[in-house]
Amino acid sequence: MSFDPSSPTAGLNPAQQDAVNHLRGPCLVLAGAGSGKTRVITQKIARLIQTGMPPDRIAAITFTNKAAAEMRERAKQLVGRSAKGLTICTFHALGVRMLRESGEAVGLKPQFSILDSDDVLGLLKEAGASTDNKAARIWQWAISNWKNAGLNAEQALAQASNDNERITATIMQRYELALAAYQAVDFDDLIGLPLKLLQTSLEALQLWRSRLGHVLVDEYQDTNATQYELLKLLVGYGDPKGGQFTCVGDDDQSIYGWRGATLDNLKKLPQDFPNLRLIKLEQNYRSTNAILRAANNVIRANPKLFDKQLWSALGEGEPVRINDADHEEHEAERVVARIQSLRAQAEMHAQPLVDWKHFCVLYRANHQARVLEQACRKASIPYKVSGGQSFFDRAEIKDLCAWLRLIINNDDDPAFLRAVATPKRGIGTSTLQALGSFASKMKLSLFEALFADSLHTAVSSRALAGLHEFGRYVNDLEYRARHTLGAEDALKFFLDWLKDIGYEKHLHESEDNEKLAAARYTNVLEFVDWMAKRCGGKGDESGIDVIADVKKSVLEVAQTVSLLSTISEREGEQNVVTLSTLHAAKGLEWPHVMLIGCNEGTLPFSRDADEETTSLEERAIRVAEERRLMYVGITRAQRTLMVSHTKKRKKGRDFVIAKPSRFITEMQLDQATVKEDPREKLKALRAEFAKKAAETKPDAR
DNA sequence: AGCTTTCAACTTTTT
DNA sequence: GTTGAAAGCT
């Protein structure tokens, strides 16, 4: 075969080439960890374009905005300007597009609002007449599961088998009514309603089918039942000409079962599409064989869907180390010592500097980061905790989003309530209650009720004036948002708005801590700055905006914000150690990885209470997912891996014996080489270093 | 009884 | 560092 560097398949291994060149018909790529799956997807996009498919008929679907942004970036590098026409977005963003355009067929006006999970929680508390957060969360979880199983409230009620389920289904009915009244949808609806749309409207089905010449799905193992059904319709299940898609995934990295993802989708694919081409990517470009062997050994203990054996051309590498610490603090100390010792070692041997950013410490649950943070601070090691509160979860950003939602969709009552109360403008709970009951009596949204002639019968004249003023201001804002185009004008619009409502003052007044208030306002400025950039046609790497590089109005841009949870951040290149949960680490890699808390009960996670309440079968399924989590953790490492457990764990005031994780045994490490105390190692290195320094510079002092 | 204080526990998380 | 629950206080 001739080598052509300009060919899209240049530098791909045979399996990758197969996947890229299989252009017609359904294709499933089982891509092991680090086997170059993003490469396959982007190259395949390039190949499709090269063979004449218009970019606007190609869609690549991901799970997170971040993944979409990365993929768009890499596609751009390959195909240049053609990348503009591509649809590269999340499942949810695609759903939004479908609903904005064709949503009327399922009873949605184009300006519908998207509720985040806090809004949903609030609505559920109302629907269930409860202030109990915990109960509301349980409802939320149950309702989401029903929705993802394709059930509406009525169907959920019909299949409910106990009082508890019946109560939840009743709350779901009220919740559905509220959503309809507010012209709002939740995240599950962004998949469920497009599905319903395609199922019920032949016209919509034909429209969206005709637009998609090839669909590529990333992280296919994370799809849930609804997403699969939607995908089937989009690619034309049952149509002899249909099935133009490529799914890329890894059954061994399926770690979101608790969120509705189901491996059934992987099983079903060959059945539903008998001419499916199955391609396995088994060459790993990330890790050494010592690491991969451990990974393969662990995952072997799971029942397997497809057999897969990762291998690497990167050599044997350093043995995987085990750290048996006494307790959590001790474990953290040793992690710190290992980081320092690996850096010192590189320095000693005049190797390239090992940067802070080359390290990652992985753990099962967020709270485990705390001890590590303390240890890092004590040792002056810079770090970041990945995950945590996202930008859009911050109260100040949600305040502003509520305003934006309200000007886009006046019927969005939850947004109305938040906007009218932030900042405080003399409209209190009693006025709002009166307005609320008036609105529901008149079958109006809260905003519509503001201008009803008979409102004066419900509220005092002073309250009425305040409400009218608010309403007029929102209308004025809406008008301006519609007619403000481009980055510069948009920024002015936002700053005027913040000044109008006195938002900075509000932040300082509602927060005792001056510094925190200032930090919050910085966030606000960052947010409006980013929004303004998008109005100028820049700054959208997520594929949410249909057309890039074109001036947009504030109103248009605002319509897409609720979908984004990550601002395109420049944080990626900070030179710091990463502390991350195993879940948040998927898809990422580091030269040196330390996996801590590998104890029975922590990883695999289990609760003592579950031992009795959960069936053997259920427990086996859970452990299998925990094992995949371990597998994900191991395969994040490029060059070295340390696996750590503690001998004791805290229980109340005292310590009890802790068992090392069964996964450590399953790794089948060579016991002779695995253990080392990083602190001893570090001490030895420092001594050696000092000696050497003394020898080379005998005169220096 | 209703309030405050203390104590321990803490899945995983995106849209 | 936060939250929920249990114990203690008025």
# chains A, B, ... in the order shown; residues from 1 in each chain; ligands from 1
call {"tool": "interface_residues", "arguments": {"of": "chain C", "to": "chain A", "cutoff": "12 Å", "atoms": "only C-alpha atoms (C1' of nucleotides)", "output": "list in words"}}
result
DG1, DT2, DT3 and DG4 of chain C
call {"tool": "select_by_dssp", "arguments": {"residues": "stretch 219-314 of chain A", "states": "helix (DSSP H, G or I)", "output": "number ranges by chain"}}
result
A: 220-222, 225-235, 251-253, 257-259, 264-272, 289-300
call {"tool": "closest_atom_pairs", "arguments": {"of": "chain B", "to": "chain A", "cutoff": "10 Å", "atoms": "only C-alpha atoms (C1' of nucleotides)", "output": "Markdown table"}}
result
| residue | atom | partner | partner_atom | distance |
| --- | --- | --- | --- | --- |
| B:DC7 | C1' | A:Gly652 | CA | 9.0 |
| B:DA8 | C1' | A:Gly652 | CA | 6.4 |
| B:DA9 | C1' | A:Gly652 | CA | 8.8 |
| B:DC10 | C1' | A:His367 | CA | 6.6 |
| B:DT11 | C1' | A:Ala365 | CA | 5.9 |
| B:DT12 | C1' | A:His583 | CA | 6.4 |
| B:DT13 | C1' | A:His583 | CA | 8.2 |
| B:DT14 | C1' | A:Thr64 | CA | 6.6 |
| B:DT15 | C1' | A:Phe187 | CA | 5.8 |
call {"tool": "closest_residue", "arguments": {"among": "A:Ala449, A:Cys247, A:Met53, A:Leu108", "to": "A:Thr38", "atoms": "only C-alpha atoms"}}
result
A:Cys247
call {"tool": "select_by_dssp", "arguments": {"residues": "stretch 292-512 of chain A", "states": "strand (DSSP E)", "output": "ChimeraX atom specification"}}
result
/A:311-312,321-325,359-363,383-385
call {"tool": "write_last_selection", "arguments": {"atoms": "N, CA and C atoms", "output": "mmCIF file, in the first residue's frame"}}
result
data_model
loop_
_atom_site.group_PDB
_atom_site.id
_atom_site.type_symbol
_atom_site.label_atom_id
_atom_site.label_comp_id
_atom_site.auth_asym_id
_atom_site.auth_seq_id
_atom_site.Cartn_x
_atom_site.Cartn_y
_atom_site.Cartn_z
ATOM 1 N N TRP A 311 -3.063 -4.525 23.767
ATOM 2 C CA TRP A 311 -1.614 -4.685 23.776
ATOM 3 C C TRP A 311 -0.979 -3.360 23.389
ATOM 4 N N SER A 312 0.316 -3.269 23.650
ATOM 5 C CA SER A 312 0.989 -2.000 23.407
ATOM 6 C C SER A 312 2.378 -2.242 22.844
ATOM 7 N N ARG A 321 3.117 -0.377 41.066
ATOM 8 C CA ARG A 321 3.448 -0.427 42.489
ATOM 9 C C ARG A 321 2.193 -0.517 43.335
ATOM 10 N N ILE A 322 2.386 -1.161 44.494
ATOM 11 C CA ILE A 322 1.304 -1.168 45.477
ATOM 12 C C ILE A 322 1.741 -0.346 46.672
ATOM 13 N N ASN A 323 0.843 0.429 47.205
ATOM 14 C CA ASN A 323 1.124 1.167 48.419
ATOM 15 C C ASN A 323 0.159 0.676 49.491
ATOM 16 N N ASP A 324 0.708 0.106 50.565
ATOM 17 C CA ASP A 324 -0.177 -0.298 51.662
ATOM 18 C C ASP A 324 0.013 0.659 52.828
ATOM 19 N N ALA A 325 -0.819 1.669 52.865
ATOM 20 C CA ALA A 325 -0.694 2.691 53.893
ATOM 21 C C ALA A 325 -1.461 2.267 55.139
ATOM 22 N N PHE A 359 0.950 14.418 36.814
ATOM 23 C CA PHE A 359 0.441 13.530 37.858
ATOM 24 C C PHE A 359 -1.067 13.629 38.005
ATOM 25 N N CYS A 360 -1.653 12.480 38.302
ATOM 26 C CA CYS A 360 -3.066 12.491 38.656
ATOM 27 C C CYS A 360 -3.291 11.515 39.794
ATOM 28 N N VAL A 361 -4.073 11.939 40.761
ATOM 29 C CA VAL A 361 -4.476 11.041 41.838
ATOM 30 C C VAL A 361 -5.958 10.755 41.667
ATOM 31 N N LEU A 362 -6.294 9.489 41.598
ATOM 32 C CA LEU A 362 -7.681 9.098 41.339
ATOM 33 C C LEU A 362 -8.291 8.429 42.562
ATOM 34 N N TYR A 363 -9.581 8.654 42.747
ATOM 35 C CA TYR A 363 -10.284 8.062 43.884
ATOM 36 C C TYR A 363 -11.739 7.830 43.504
ATOM 37 N N TYR A 383 -2.270 22.005 42.954
ATOM 38 C CA TYR A 383 -3.196 20.962 42.506
ATOM 39 C C TYR A 383 -4.509 21.588 42.090
ATOM 40 N N LYS A 384 -5.294 20.825 41.375
ATOM 41 C CA LYS A 384 -6.676 21.223 41.126
ATOM 42 C C LYS A 384 -7.553 20.012 41.371
ATOM 43 N N VAL A 385 -8.737 20.268 41.881
ATOM 44 C CA VAL A 385 -9.690 19.189 42.084
ATOM 45 C C VAL A 385 -10.636 19.223 40.907
#
call {"tool": "residues_around", "arguments": {"residues": "stretch 2-5 of chain B", "least_positions_apart": "3", "cutoff": "9 Å", "atoms": "only C-alpha atoms (C1' of nucleotides)", "output": "JSON, numbers by chain"}}
result
{"C": [7, 8, 9, 10]}
